[in-house]
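A.B. asks: One structure, pasted below without further comment.
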Amino acid sequence: MAITINIYYSGTNGNARKFAEEMIRDGIVDEIRAKKGNLRYEYFFPMKDAETLLLIDSWANQQALDIHHKSPMMQKIIDLREKYGLSMRVERYITDDGGIPEKDKVFIKK
């Protein structure tokens, strides 16, 4: 059962993009991706909102996510979020271990 968290960071004056750039430049993103249990850590930019950044963050289970949240790296992320004055909206999803139903697969082009 994987856990995926969509975090929408919003700011002004391009600060969401600056936040992501600094996260990447300082190696924080690579550190997170290297953590045991991290499945995905990727940034996306909504086409209609230049002041928002979407982070898709997936973990193998709650224990891996809890370990990440207790790590010193979280303070670095919090500090950068504050530096750029970002607000957050969060969505959390738990993966359906049954996979994609056959009746839905007909809509997926590979």
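Order determines the names: the first chain of the structure tokens is A, the second B, and so forth; residues in each chain are numbered 1 upward, and ligands are numbered 1 upward as they are shown.
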Give me the residues near Tyr84 in chain A as number ranges by chain, where near means some atom within 12 Å (using only C-alpha atoms) and where sequence neighbours in that chain fewer than 6 positions away do not count.
C.D. replies: A: 9-23, 51, 77-78
A.B. asks: I need the residues in chain A that are alpha helix (DSSP H) according to DSSP; give them as number ranges by chain.
C.D. replies: A: 15-25, 28-34, 62-70, 73-83, 102-105
A.B. asks: Once you have the residues from the selection above, write them out as a tab-separated table (two decimals), in the first residue's frame, restricted to C-alpha atoms.
C.D. replies:
```
chain	number	residue	atom	x	y	z
A	15	ASN	CA	8.75	32.01	-5.41
A	16	ALA	CA	7.30	28.51	-5.84
A	17	ARG	CA	9.64	27.92	-8.79
A	18	LYS	CA	12.57	29.45	-6.87
A	19	PHE	CA	11.82	27.08	-3.97
A	20	ALA	CA	11.96	24.04	-6.30
A	21	GLU	CA	15.14	25.28	-7.96
A	22	GLU	CA	16.85	25.70	-4.59
A	23	MET	CA	15.64	22.29	-3.40
A	24	ILE	CA	17.23	20.74	-6.49
A	25	ARG	CA	20.41	22.88	-6.47
A	28	ILE	CA	17.75	18.06	-1.00
A	29	VAL	CA	15.62	16.46	-3.73
A	30	ASP	CA	18.31	13.87	-4.48
A	31	GLU	CA	18.62	13.09	-0.76
A	32	ILE	CA	14.88	12.51	-0.48
A	33	ARG	CA	14.80	10.32	-3.59
A	34	ALA	CA	17.62	8.21	-2.12
A	62	GLN	CA	3.46	5.06	6.41
A	63	GLN	CA	6.58	3.98	8.29
A	64	ALA	CA	8.88	5.27	5.50
A	65	LEU	CA	6.95	8.55	5.43
A	66	ASP	CA	7.15	8.89	9.24
A	67	ILE	CA	10.93	8.37	9.15
A	68	HIS	CA	11.21	11.07	6.47
A	69	HIS	CA	9.08	13.47	8.54
A	70	LYS	CA	11.33	12.96	11.60
A	73	MET	CA	15.91	17.23	6.20
A	74	MET	CA	12.35	18.27	7.05
A	75	GLN	CA	13.65	21.36	8.83
A	76	LYS	CA	15.56	22.33	5.67
A	77	ILE	CA	12.33	22.03	3.67
A	78	ILE	CA	10.37	24.04	6.25
A	79	ASP	CA	13.06	26.74	6.30
A	80	LEU	CA	12.98	27.05	2.50
A	81	ARG	CA	9.20	27.12	2.46
A	82	GLU	CA	9.28	29.98	4.96
A	83	LYS	CA	12.08	31.76	3.07
A	102	GLU	CA	-9.62	-4.62	-16.60
A	103	LYS	CA	-12.68	-2.56	-17.59
A	104	ASP	CA	-10.62	0.64	-17.08
A	105	LYS	CA	-7.57	-0.58	-18.99
```
A.B. asks: What's around Arg89 in chain A at 12 Å? Count only C-alpha atoms, leave out sequence neighbours fewer than 3 positions away in its own chain, and write the answer as a PyMOL selection string.
C.D. replies: chain A and resi 5-11+52-55+86+92
